[in-house]
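So this one's query21.cif, mmCIF, C-alpha atoms (C1' of nucleotides):
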```cif
data_query
#
loop_
_atom_site.label_atom_id
_atom_site.label_comp_id
_atom_site.auth_asym_id
_atom_site.auth_seq_id
_atom_site.Cartn_x
_atom_site.Cartn_y
_atom_site.Cartn_z
CA MET A 1 -106.21 -64.90 191.44
CA PRO A 2 -109.00 -62.98 189.87
CA GLU A 3 -108.70 -60.68 186.93
CA LEU A 4 -111.46 -58.63 185.38
CA PRO A 5 -113.54 -61.56 184.08
CA GLU A 6 -113.45 -63.38 187.41
CA VAL A 7 -114.39 -60.24 189.32
CA GLU A 8 -117.16 -59.49 186.84
CA THR A 9 -118.44 -63.05 187.15
CA THR A 10 -118.45 -62.71 190.92
CA VAL A 11 -120.30 -59.39 190.77
CA ARG A 12 -122.97 -60.90 188.55
CA ALA A 13 -123.35 -63.86 190.88
CA ILE A 14 -124.14 -61.60 193.83
CA SER A 15 -126.14 -58.98 191.91
CA GLY A 16 -129.32 -60.57 193.27
CA PHE A 17 -128.51 -58.98 196.61
CA GLU A 18 -129.18 -55.51 195.23
CA ASN A 19 -132.07 -53.94 197.13
CA SER A 20 -131.62 -56.43 199.95
CA ILE A 21 -131.02 -55.31 203.49
CA LEU A 22 -127.56 -56.09 204.77
CA GLU A 23 -128.31 -57.01 208.38
CA LYS A 24 -124.75 -56.99 209.52
CA ILE A 25 -121.16 -57.68 208.62
CA VAL A 26 -119.24 -60.11 210.80
CA ILE A 27 -115.47 -60.00 210.60
CA HIS A 28 -113.46 -62.97 211.79
CA ASN A 29 -110.08 -61.70 210.75
CA ARG A 30 -109.41 -58.02 210.13
CA SER A 31 -105.88 -58.58 209.02
CA LEU A 32 -106.16 -58.60 205.24
CA ARG A 33 -103.94 -56.69 202.84
CA TRP A 34 -104.87 -53.73 204.99
CA GLU A 35 -106.42 -53.90 208.41
CA VAL A 36 -110.20 -53.61 208.02
CA ASP A 37 -111.61 -50.32 209.39
CA LYS A 38 -112.66 -50.61 213.04
CA ASP A 39 -115.96 -48.82 212.35
CA LEU A 40 -116.97 -50.89 209.36
CA GLU A 41 -119.50 -53.09 211.15
CA LYS A 42 -121.14 -50.13 212.84
CA LEU A 43 -121.45 -48.15 209.62
CA THR A 44 -122.96 -51.00 207.62
CA ALA A 45 -125.52 -52.55 209.99
CA ASN A 46 -129.06 -52.70 208.60
CA LYS A 47 -128.34 -50.86 205.39
CA ARG A 48 -129.94 -51.41 202.04
CA ILE A 49 -127.65 -52.34 199.18
CA TYR A 50 -128.40 -50.01 196.32
CA LYS A 51 -125.95 -51.21 193.76
CA ILE A 52 -123.30 -53.88 193.26
CA SER A 53 -120.80 -53.09 190.54
CA ARG A 54 -117.21 -53.44 189.47
CA ARG A 55 -114.43 -50.92 188.98
CA ALA A 56 -111.16 -52.46 187.80
CA LYS A 57 -110.71 -55.52 190.01
CA TYR A 58 -112.71 -54.01 192.86
CA ILE A 59 -116.23 -55.08 193.77
CA ILE A 60 -118.17 -51.96 194.75
CA ILE A 61 -121.14 -52.35 197.08
CA LYS A 62 -123.10 -49.10 197.36
CA LEU A 63 -125.04 -48.56 200.56
CA ASP A 64 -126.75 -45.31 201.48
CA VAL A 65 -123.98 -42.94 202.46
CA TYR A 66 -121.07 -45.33 202.36
CA SER A 67 -119.75 -47.76 199.81
CA LEU A 68 -117.72 -50.89 200.33
CA MET A 69 -114.72 -51.71 198.17
CA LEU A 70 -113.75 -55.34 198.10
CA HIS A 71 -110.65 -56.61 196.34
CA LEU A 72 -110.15 -60.34 195.96
CA GLY A 73 -106.37 -60.13 195.74
CA MET A 74 -104.71 -63.32 194.60
CA SER A 75 -106.80 -65.97 196.31
CA GLY A 76 -110.00 -64.28 197.43
CA LYS A 77 -113.44 -65.52 196.58
CA LEU A 78 -117.03 -65.04 197.64
CA ARG A 79 -119.45 -67.79 198.57
CA ILE A 80 -123.21 -67.52 198.94
CA GLN A 81 -124.46 -69.69 201.73
CA ASN A 82 -127.82 -70.30 203.38
CA LYS A 83 -127.87 -68.60 206.73
CA LYS A 84 -129.01 -71.74 208.48
CA ASP A 85 -126.05 -73.70 207.09
CA ASN A 86 -123.86 -72.45 209.82
CA TYR A 87 -120.52 -73.90 208.76
CA PHE A 88 -117.18 -72.26 208.22
CA LYS A 89 -114.20 -72.93 206.07
CA LYS A 90 -110.61 -72.18 206.84
CA HIS A 91 -109.77 -68.59 205.83
CA ASP A 92 -113.34 -67.31 205.95
CA HIS A 93 -112.64 -63.72 206.97
CA VAL A 94 -115.81 -61.72 206.45
CA GLU A 95 -119.52 -62.54 206.41
CA PHE A 96 -122.17 -60.31 204.86
CA VAL A 97 -125.35 -61.43 206.59
CA PHE A 98 -128.80 -61.06 205.02
CA LYS A 99 -132.23 -62.31 206.01
CA ASP A 100 -131.89 -65.86 204.69
CA LYS A 101 -128.43 -65.94 203.20
CA LYS A 102 -124.94 -64.75 203.69
CA ILE A 103 -122.06 -63.92 201.42
CA ILE A 104 -118.73 -65.08 202.77
CA PHE A 105 -115.37 -63.68 201.80
CA ASN A 106 -112.71 -66.35 201.91
CA ASP A 107 -109.09 -65.51 201.17
CA VAL A 108 -106.25 -67.93 201.83
CA ARG A 109 -103.37 -65.61 201.16
CA ARG A 110 -104.96 -62.43 202.54
CA PHE A 111 -103.86 -60.21 199.68
CA GLY A 112 -107.48 -59.13 199.35
CA SER A 113 -108.91 -56.09 201.07
CA LEU A 114 -112.12 -54.49 202.29
CA HIS A 115 -112.56 -50.75 202.61
CA ILE A 116 -115.43 -48.47 203.47
CA THR A 117 -115.58 -44.99 202.02
CA LYS A 118 -118.06 -42.24 201.25
CA ASN A 119 -116.92 -41.40 197.78
CA ILE A 120 -115.43 -44.27 195.81
CA ASN A 121 -113.86 -42.07 193.19
CA ASP A 122 -111.93 -40.08 195.75
CA HIS A 123 -110.43 -43.14 197.36
CA PRO A 124 -106.67 -43.30 196.72
CA LEU A 125 -106.87 -46.92 195.61
CA ILE A 126 -109.45 -46.00 192.97
CA SER A 127 -108.60 -42.48 191.94
CA ASN A 128 -105.33 -43.37 190.24
CA LEU A 129 -106.66 -46.30 188.24
CA GLY A 130 -106.50 -46.36 184.47
CA ILE A 131 -109.45 -46.78 182.16
CA GLU A 132 -111.71 -49.78 181.74
CA PRO A 133 -110.54 -52.05 178.91
CA LEU A 134 -114.09 -52.69 177.70
CA SER A 135 -114.89 -49.00 177.42
CA ARG A 136 -114.88 -47.14 174.11
CA SER A 137 -112.10 -44.87 175.24
CA PHE A 138 -109.76 -47.84 175.41
CA ASN A 139 -108.79 -47.67 171.76
CA LYS A 140 -105.69 -47.76 169.61
CA ASP A 141 -104.94 -44.06 169.96
CA TYR A 142 -105.15 -44.22 173.73
CA LEU A 143 -102.86 -47.24 173.88
CA HIS A 144 -100.45 -45.85 171.34
CA ALA A 145 -100.04 -42.66 173.36
CA LEU A 146 -99.24 -44.78 176.41
CA THR A 147 -96.73 -46.94 174.61
CA LEU A 148 -94.81 -43.98 173.21
CA ASP A 149 -94.47 -42.67 176.73
CA SER A 150 -93.23 -45.89 178.31
CA LYS A 151 -89.98 -47.73 178.88
CA LEU A 152 -91.75 -50.94 179.85
CA ASN A 153 -92.16 -53.98 177.72
CA ILE A 154 -95.66 -54.36 176.34
CA LYS A 155 -96.75 -57.07 178.75
CA LYS A 156 -95.82 -55.09 181.84
CA LEU A 157 -97.52 -52.06 180.42
CA LEU A 158 -100.77 -53.94 179.87
CA MET A 159 -100.71 -55.15 183.46
CA ASP A 160 -100.10 -51.67 184.87
CA GLN A 161 -103.41 -50.79 186.52
CA LYS A 162 -102.61 -47.09 186.32
CA LYS A 163 -102.81 -47.37 182.55
CA VAL A 164 -105.53 -49.89 181.89
CA VAL A 165 -107.31 -51.89 184.56
CA GLY A 166 -108.44 -55.47 184.86
CA VAL A 167 -105.81 -57.16 182.74
CA GLY A 168 -103.77 -59.53 184.87
CA ASN A 169 -101.23 -62.22 184.24
CA ILE A 170 -103.42 -64.69 182.37
CA TYR A 171 -105.19 -62.29 180.07
CA ALA A 172 -102.05 -60.29 179.27
CA SER A 173 -100.39 -63.44 177.91
CA GLU A 174 -103.52 -64.54 176.12
CA SER A 175 -104.19 -61.16 174.50
CA LEU A 176 -100.65 -60.84 173.23
CA PHE A 177 -100.87 -64.29 171.70
CA LEU A 178 -104.03 -63.32 169.83
CA ALA A 179 -102.41 -60.10 168.69
CA SER A 180 -99.22 -61.96 167.64
CA ILE A 181 -97.07 -59.61 169.68
CA ASN A 182 -94.05 -60.80 171.65
CA PRO A 183 -94.48 -59.88 175.34
CA LEU A 184 -90.84 -58.75 175.52
CA ARG A 185 -91.31 -56.05 172.87
CA PRO A 186 -90.52 -52.60 174.20
CA ALA A 187 -93.83 -50.75 174.31
CA LYS A 188 -92.23 -47.83 172.51
CA LYS A 189 -91.75 -49.91 169.40
CA ILE A 190 -95.34 -51.03 169.02
CA SER A 191 -96.96 -49.42 165.99
CA LEU A 192 -100.39 -47.85 165.89
CA SER A 193 -101.81 -50.72 163.91
CA GLU A 194 -100.28 -53.22 166.34
CA CYS A 195 -101.90 -51.26 169.16
CA ASP A 196 -105.15 -51.78 167.34
CA ASP A 197 -104.50 -55.53 167.21
CA ILE A 198 -103.76 -55.56 170.93
CA ILE A 199 -106.87 -53.56 171.80
CA LYS A 200 -109.05 -55.88 169.78
CA ALA A 201 -107.42 -58.94 171.30
CA ILE A 202 -107.87 -57.72 174.87
CA LYS A 203 -111.52 -56.88 174.35
CA LYS A 204 -112.15 -60.18 172.65
CA VAL A 205 -110.39 -62.25 175.30
CA LEU A 206 -112.05 -60.45 178.21
CA LYS A 207 -115.53 -60.63 176.71
CA GLN A 208 -115.17 -64.29 175.90
CA ALA A 209 -113.82 -65.03 179.37
CA ILE A 210 -116.74 -63.23 181.01
CA LYS A 211 -119.11 -65.23 178.83
CA MET A 212 -117.52 -68.44 180.11
CA GLY A 213 -117.58 -67.41 183.74
CA GLY A 214 -113.89 -66.60 184.04
CA THR A 215 -110.94 -68.93 184.30
CA THR A 216 -110.72 -71.62 186.96
CA LEU A 217 -107.13 -72.79 187.08
CA LYS A 218 -107.45 -74.54 190.37
CA ASP A 219 -109.51 -72.73 192.94
CA PHE A 220 -111.54 -69.93 191.41
CA TYR A 221 -115.24 -70.38 191.94
CA SER A 222 -117.93 -67.81 191.42
CA ALA A 223 -120.08 -66.88 194.41
CA ASP A 224 -122.74 -69.39 193.35
CA GLY A 225 -120.11 -72.14 193.41
CA SER A 226 -119.73 -72.49 189.65
CA GLU A 227 -116.38 -72.85 187.92
CA GLY A 228 -115.16 -70.68 185.06
CA TYR A 229 -114.63 -72.48 181.79
CA PHE A 230 -112.31 -70.09 179.99
CA LYS A 231 -109.48 -72.44 180.93
CA LEU A 232 -110.58 -74.51 177.95
CA GLU A 233 -109.96 -71.54 175.68
CA LEU A 234 -106.47 -70.72 176.88
CA ASN A 235 -103.92 -70.70 174.09
CA VAL A 236 -100.69 -70.16 176.01
CA TYR A 237 -101.16 -69.53 179.73
CA GLY A 238 -99.88 -72.46 181.75
CA LEU A 239 -99.08 -74.40 178.57
CA GLU A 240 -95.27 -74.43 178.64
CA ASP A 241 -93.82 -76.91 176.14
CA LYS A 242 -97.25 -77.70 174.73
CA PRO A 243 -97.66 -77.18 170.97
CA CYS A 244 -98.72 -73.73 169.83
CA LYS A 245 -102.23 -73.93 168.43
CA LYS A 246 -101.18 -71.99 165.34
CA CYS A 247 -97.75 -73.37 164.42
CA LYS A 248 -97.30 -76.45 166.66
CA ARG A 249 -93.97 -75.29 168.04
CA LYS A 250 -93.43 -75.37 171.77
CA ILE A 251 -94.93 -72.64 173.93
CA LYS A 252 -92.25 -70.88 175.90
CA ARG A 253 -92.36 -69.79 179.53
CA ILE A 254 -90.26 -66.88 180.72
CA VAL A 255 -90.39 -64.67 183.81
CA LEU A 256 -91.14 -60.98 183.36
CA GLY A 257 -91.40 -58.79 186.41
CA GLN A 258 -91.50 -61.92 188.58
CA ARG A 259 -94.55 -63.23 186.75
CA SER A 260 -94.69 -66.26 184.50
CA THR A 261 -95.25 -65.27 180.92
CA PHE A 262 -96.24 -67.66 178.15
CA PHE A 263 -95.91 -67.12 174.42
CA CYS A 264 -94.98 -68.62 171.09
CA GLU A 265 -91.62 -67.37 169.88
CA ASN A 266 -92.54 -68.21 166.33
CA CYS A 267 -95.99 -66.62 166.09
CA GLN A 268 -95.44 -63.64 168.35
CA VAL A 269 -93.05 -61.15 166.84
"C1'" DC B 1 -91.75 -38.65 187.71
"C1'" DT B 2 -90.34 -43.81 186.20
"C1'" DG B 3 -89.04 -48.58 186.79
"C1'" DA B 4 -86.98 -52.78 189.10
"C1'" DG B 5 -87.19 -55.71 192.92
"C1'" DA B 6 -88.78 -57.07 197.49
"C1'" DT B 7 -92.64 -58.02 200.01
"C1'" DC B 8 -97.11 -59.40 202.13
"C1'" DC B 9 -99.42 -64.77 203.07
"C1'" DT B 10 -100.74 -69.77 202.75
"C1'" DG B 11 -100.91 -73.86 200.21
"C1'" DT B 12 -99.53 -77.17 196.71
"C1'" DC B 13 -96.54 -79.51 193.85
"C1'" DT B 14 -91.93 -81.32 192.29
"C1'" DG B 15 -87.60 -83.25 192.90
"C1'" DC B 16 -84.01 -85.02 195.74
"C1'" DT C 1 -91.88 -89.91 203.81
"C1'" DG C 2 -89.50 -85.66 204.73
"C1'" DC C 3 -87.93 -81.47 203.39
"C1'" DA C 4 -86.41 -77.57 200.57
"C1'" DG C 5 -87.57 -74.75 196.85
"C1'" DA C 6 -90.45 -73.03 193.24
"C1'" DC C 7 -94.64 -71.28 192.16
"C1'" DA C 8 -99.62 -69.33 192.40
"C1'" DG C 9 -105.07 -65.28 189.39
"C1'" DG C 10 -102.14 -58.91 192.77
"C1'" DA C 11 -100.30 -54.62 193.63
"C1'" DT C 12 -98.03 -51.62 197.00
"C1'" DC C 13 -93.75 -50.06 198.93
"C1'" DT C 14 -89.03 -48.77 198.85
"C1'" DC C 15 -85.17 -47.44 196.72
"C1'" DA C 16 -82.23 -45.99 192.75
#
```
Starting from the file, give its structure as structure tokens.
Amino acid sequence: MPELPEVETTVRAISGFENSILEKIVIHNRSLRWEVDKDLEKLTANKRIYKISRRAKYIIIKLDVYSLMLHLGMSGKLRIQNKKDNYFKKHDHVEFVFKDKKIIFNDVRRFGSLHITKNINDHPLISNLGIEPLSRSFNKDYLHALTLDSKLNIKKLLMDQKKVVGVGNIYASESLFLASINPLRPAKKISLSECDDIIKAIKKVLKQAIKMGGTTLKDFYSADGSEGYFKLELNVYGLEDKPCKKCKRKIKRIVLGQRSTFFCENCQV
DNA sequence: CTGAGATCCTGTCTGC
DNA sequence: TGCAGACAGGATCTCA
């Protein structure tokens, strides 16, 4: 489900819990993408939260010695709830309990994960990640070097988290539309100036999506319960057979690497 | 090393 | 209405 803007939106929604004391973590179902560490509850009881941040699509919660890494997978979301409202929803797996409130991790499909580790950057799921798309070092030269080295088509390359993080299926399609690049193009054949177009498009799309609270297609809600309104800005994603906003021809849907991919054959070369 | 395809899981929607 | 099949915001793993 969530790509960088949705994760960022979620992080911002729970940032108010920084400096709060996490009384305890209650786990109802350890069987997520990976089995949750048996010692996690013990290691996190009555710890202050120093920092809540994002790396790639991971939510990082820094305690004293340990940090938590939470990935929302395809269907995960957080929900802030008053502690006294003691209700549960189906697929509530983890509760982060504070003095008056709790944050609940709900994940229908259980592709999400929760890890505890001392040093985030040494964790194997983090250490091999590519660079942040909104950082300065994500620029045309960086991307061009990657493309020259790759046999993938450009869309698959952009979604490869080892190369650049945070771009998922929606924003890959949307960025390539803005950059007027066909998603099927072999990465190798993308010129430096086209790389520049792609970089600018990705940054623009991600920033705008964050501003609008992410994209709610059907069931993404931020932790405060609000929807993301970037859906209204989508140009191609989920719009098969609808008229292209530039040329009015029909948007095409194809499958690349088992993922739906939307683009305009006329505008994207 | 790279890249393609299968796979994890539950729910919803479409078409017969 | 039932039922099969496709599809869903991700990313790891297995194998060539």
Considering all atoms listed in the file, give me a table of residues in chain A that are at most 9 Å from chain C, with the closest atom pair and distance in Å for each, as CSV.
```
residue,atom,partner,partner_atom,distance
A:Met1,CA,C:DG9,C1',2.4
A:Pro2,CA,C:DG9,C1',4.6
A:Glu3,CA,C:DG9,C1',6.4
A:Glu6,CA,C:DG9,C1',8.8
A:Leu72,CA,C:DG10,C1',8.7
A:Gly73,CA,C:DG10,C1',5.3
A:Met74,CA,C:DG10,C1',5.4
A:Ser75,CA,C:DG9,C1',7.2
A:Phe111,CA,C:DG10,C1',7.2
A:Gly112,CA,C:DG10,C1',8.5
A:Gln161,CA,C:DA11,C1',8.7
A:Gly168,CA,C:DG9,C1',7.4
A:Asn169,CA,C:DG9,C1',7.1
A:Ile170,CA,C:DG9,C1',7.2
A:Thr215,CA,C:DG9,C1',8.6
A:Thr216,CA,C:DG9,C1',8.8
A:Leu217,CA,C:DG9,C1',8.1
A:Phe220,CA,C:DG9,C1',8.2
```
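With distances taken over only C-alpha atoms (C1' of nucleotides), A:Asp160 is the one residue among A:Asp160, A:Asp196, A:Glu233, A:Glu227 lying closest to chain B.
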Got a sec to pull out which chain A residues are within 7 Å of chain B, counting only C-alpha atoms (C1' of nucleotides), and send them as a ChimeraX atom specification?
-> /A:108-110
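Residues in contact with Ala172 (chain A) at up to 9 Å, not including ones fewer than 5 positions away on its chain and judged by only C-alpha atoms (C1' of nucleotides), are Lys155, Lys156, Leu158, Met159, Val167, Phe177, Pro183, Ile202 and Thr261 of chain A.
Using all atoms listed in the file, the shortest contact distance between Val165 (chain A) and any of A:Ala209, A:Ile254, A:Leu22, A:Ile126 is found at A:Ile126.
Pairwise distance (CA of Trp34 (chain A), CA of Val255 (chain A)) equals 27.9 Å.
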Between A:Glu35, A:Asp219, A:Asp197, A:Glu265, which one has atoms that come closest to Lys77 (chain A), using all atoms listed in the file?
-> A:Asp219
What is the CA of Ala223 (chain A)-CA of Arg30 (chain A) distance in Å, reported with one decimal?
-> 21.0 Å
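For the atom pair formed by CA of Ile80 (chain A) and CA of Lys102 (chain A), the distance is 5.8 Å, given to one decimal.
Residue nearest Lys57 (chain A), chosen from A:Glu23, A:Glu132, A:Glu18, A:Glu95 and counting all atoms listed in the file: A:Glu132.
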Restrict the output to chain C and N, CA, C and O atoms (P, O5', C5', C4', C3', O3' and C1' of nucleotides), then write it as a CSV table (one decimal), in the first residue's frame.
```csv
chain,number,residue,atom,x,y,z
C,1,DT,P,-29.1,-12.4,-2.1
C,1,DT,O5',-28.4,-13.5,-3.0
C,1,DT,C5',-28.9,-14.8,-2.8
C,1,DT,C4',-27.9,-15.8,-3.4
C,1,DT,C3',-26.5,-15.6,-2.9
C,1,DT,O3',-26.2,-16.7,-2.1
C,1,DT,C1',-26.6,-15.8,-5.2
C,2,DG,P,-24.9,-17.3,-1.6
C,2,DG,O5',-24.3,-18.0,-2.9
C,2,DG,C5',-25.0,-19.0,-3.6
C,2,DG,C4',-24.0,-19.8,-4.4
C,2,DG,C3',-22.6,-19.9,-3.8
C,2,DG,O3',-22.0,-21.1,-4.1
C,2,DG,C1',-22.5,-18.6,-5.8
C,3,DC,P,-20.7,-21.6,-3.5
C,3,DC,O5',-19.7,-21.3,-4.8
C,3,DC,C5',-20.1,-21.8,-6.0
C,3,DC,C4',-19.0,-21.4,-7.0
C,3,DC,C3',-17.6,-21.3,-6.4
C,3,DC,O3',-16.6,-21.9,-7.2
C,3,DC,C1',-18.1,-19.2,-7.3
C,4,DA,P,-15.2,-22.2,-6.8
C,4,DA,O5',-14.4,-21.7,-8.1
C,4,DA,C5',-14.9,-21.9,-9.4
C,4,DA,C4',-14.3,-21.0,-10.3
C,4,DA,C3',-12.8,-20.8,-10.1
C,4,DA,O3',-12.2,-20.8,-11.4
C,4,DA,C1',-13.8,-18.7,-9.8
C,5,DG,P,-10.6,-20.7,-11.5
C,5,DG,O5',-10.3,-19.2,-11.8
C,5,DG,C5',-11.1,-18.5,-12.8
C,5,DG,C4',-10.6,-17.1,-12.9
C,5,DG,C3',-9.1,-16.9,-12.6
C,5,DG,O3',-8.7,-16.0,-13.6
C,5,DG,C1',-10.4,-15.6,-11.1
C,6,DA,P,-7.1,-15.5,-13.6
C,6,DA,O5',-7.3,-14.0,-13.3
C,6,DA,C5',-8.3,-13.2,-14.0
C,6,DA,C4',-8.3,-11.8,-13.5
C,6,DA,C3',-6.9,-11.2,-13.3
C,6,DA,O3',-6.8,-9.9,-13.7
C,6,DA,C1',-8.1,-11.2,-11.3
C,7,DC,P,-5.4,-9.2,-13.8
C,7,DC,O5',-5.5,-8.3,-12.4
C,7,DC,C5',-6.6,-7.4,-12.2
C,7,DC,C4',-6.5,-6.9,-10.8
C,7,DC,C3',-5.1,-6.5,-10.4
C,7,DC,O3',-5.0,-5.1,-10.3
C,7,DC,C1',-6.2,-7.7,-8.7
C,8,DA,P,-3.5,-4.5,-10.0
C,8,DA,O5',-3.5,-4.2,-8.5
C,8,DA,C5',-4.4,-3.2,-8.0
C,8,DA,C4',-4.3,-3.2,-6.4
C,8,DA,C3',-2.9,-3.4,-5.9
C,8,DA,O3',-2.2,-2.1,-5.9
C,8,DA,C1',-4.4,-4.7,-4.7
C,9,DG,P,-0.9,-1.9,-6.9
C,9,DG,O5',-0.1,-0.8,-6.2
C,9,DG,C5',-0.5,0.1,-5.2
C,9,DG,C4',0.6,0.7,-4.5
C,9,DG,C3',1.5,-0.2,-3.7
C,9,DG,O3',2.7,0.5,-3.4
C,9,DG,C1',0.0,0.7,-2.3
C,10,DG,P,4.1,-0.3,-3.6
C,10,DG,O5',4.0,-1.5,-2.6
C,10,DG,C5',4.1,-1.3,-1.2
C,10,DG,C4',5.1,-2.3,-0.6
C,10,DG,C3',6.5,-2.2,-1.3
C,10,DG,O3',7.5,-2.1,-0.2
C,10,DG,C1',5.7,-4.4,-1.3
C,11,DA,P,9.0,-1.9,-0.5
C,11,DA,O5',9.6,-3.3,-0.5
C,11,DA,C5',9.5,-4.1,0.6
C,11,DA,C4',10.0,-5.5,0.4
C,11,DA,C3',11.4,-5.5,-0.4
C,11,DA,O3',12.1,-6.6,0.0
C,11,DA,C1',9.8,-6.8,-1.5
C,12,DT,P,13.5,-6.5,0.6
C,12,DT,O5',13.8,-8.1,1.0
C,12,DT,C5',12.8,-8.6,2.0
C,12,DT,C4',12.6,-10.1,1.6
C,12,DT,C3',13.8,-10.8,1.2
C,12,DT,O3',13.8,-12.0,2.0
C,12,DT,C1',12.2,-11.1,-0.5
C,13,DC,P,15.1,-12.9,2.2
C,13,DC,O5',14.7,-14.1,1.1
C,13,DC,C5',13.6,-15.0,1.4
C,13,DC,C4',13.5,-16.0,0.3
C,13,DC,C3',14.9,-16.4,-0.2
C,13,DC,O3',15.2,-17.8,0.2
C,13,DC,C1',13.5,-15.7,-2.1
C,14,DT,P,15.1,-19.1,-0.2
C,14,DT,O5',14.7,-19.1,-1.8
C,14,DT,C5',13.7,-19.9,-2.2
C,14,DT,C4',13.8,-20.2,-3.7
C,14,DT,C3',15.0,-21.0,-4.1
C,14,DT,O3',14.7,-21.9,-5.1
C,14,DT,C1',14.9,-19.0,-5.4
C,15,DC,P,15.7,-23.2,-5.4
C,15,DC,O5',15.7,-23.1,-7.0
C,15,DC,C5',14.6,-22.6,-7.7
C,15,DC,C4',15.1,-21.9,-9.0
C,15,DC,C3',16.3,-22.6,-9.6
C,15,DC,O3',16.1,-22.9,-11.0
C,15,DC,C1',16.6,-20.3,-9.5
C,16,DA,P,17.1,-23.8,-11.8
C,16,DA,O5',17.5,-22.8,-13.0
C,16,DA,C5',16.5,-22.3,-13.9
C,16,DA,C4',17.0,-21.1,-14.7
C,16,DA,C3',18.3,-21.4,-15.5
C,16,DA,O3',18.1,-20.9,-16.8
C,16,DA,C1',18.7,-19.6,-14.1
```
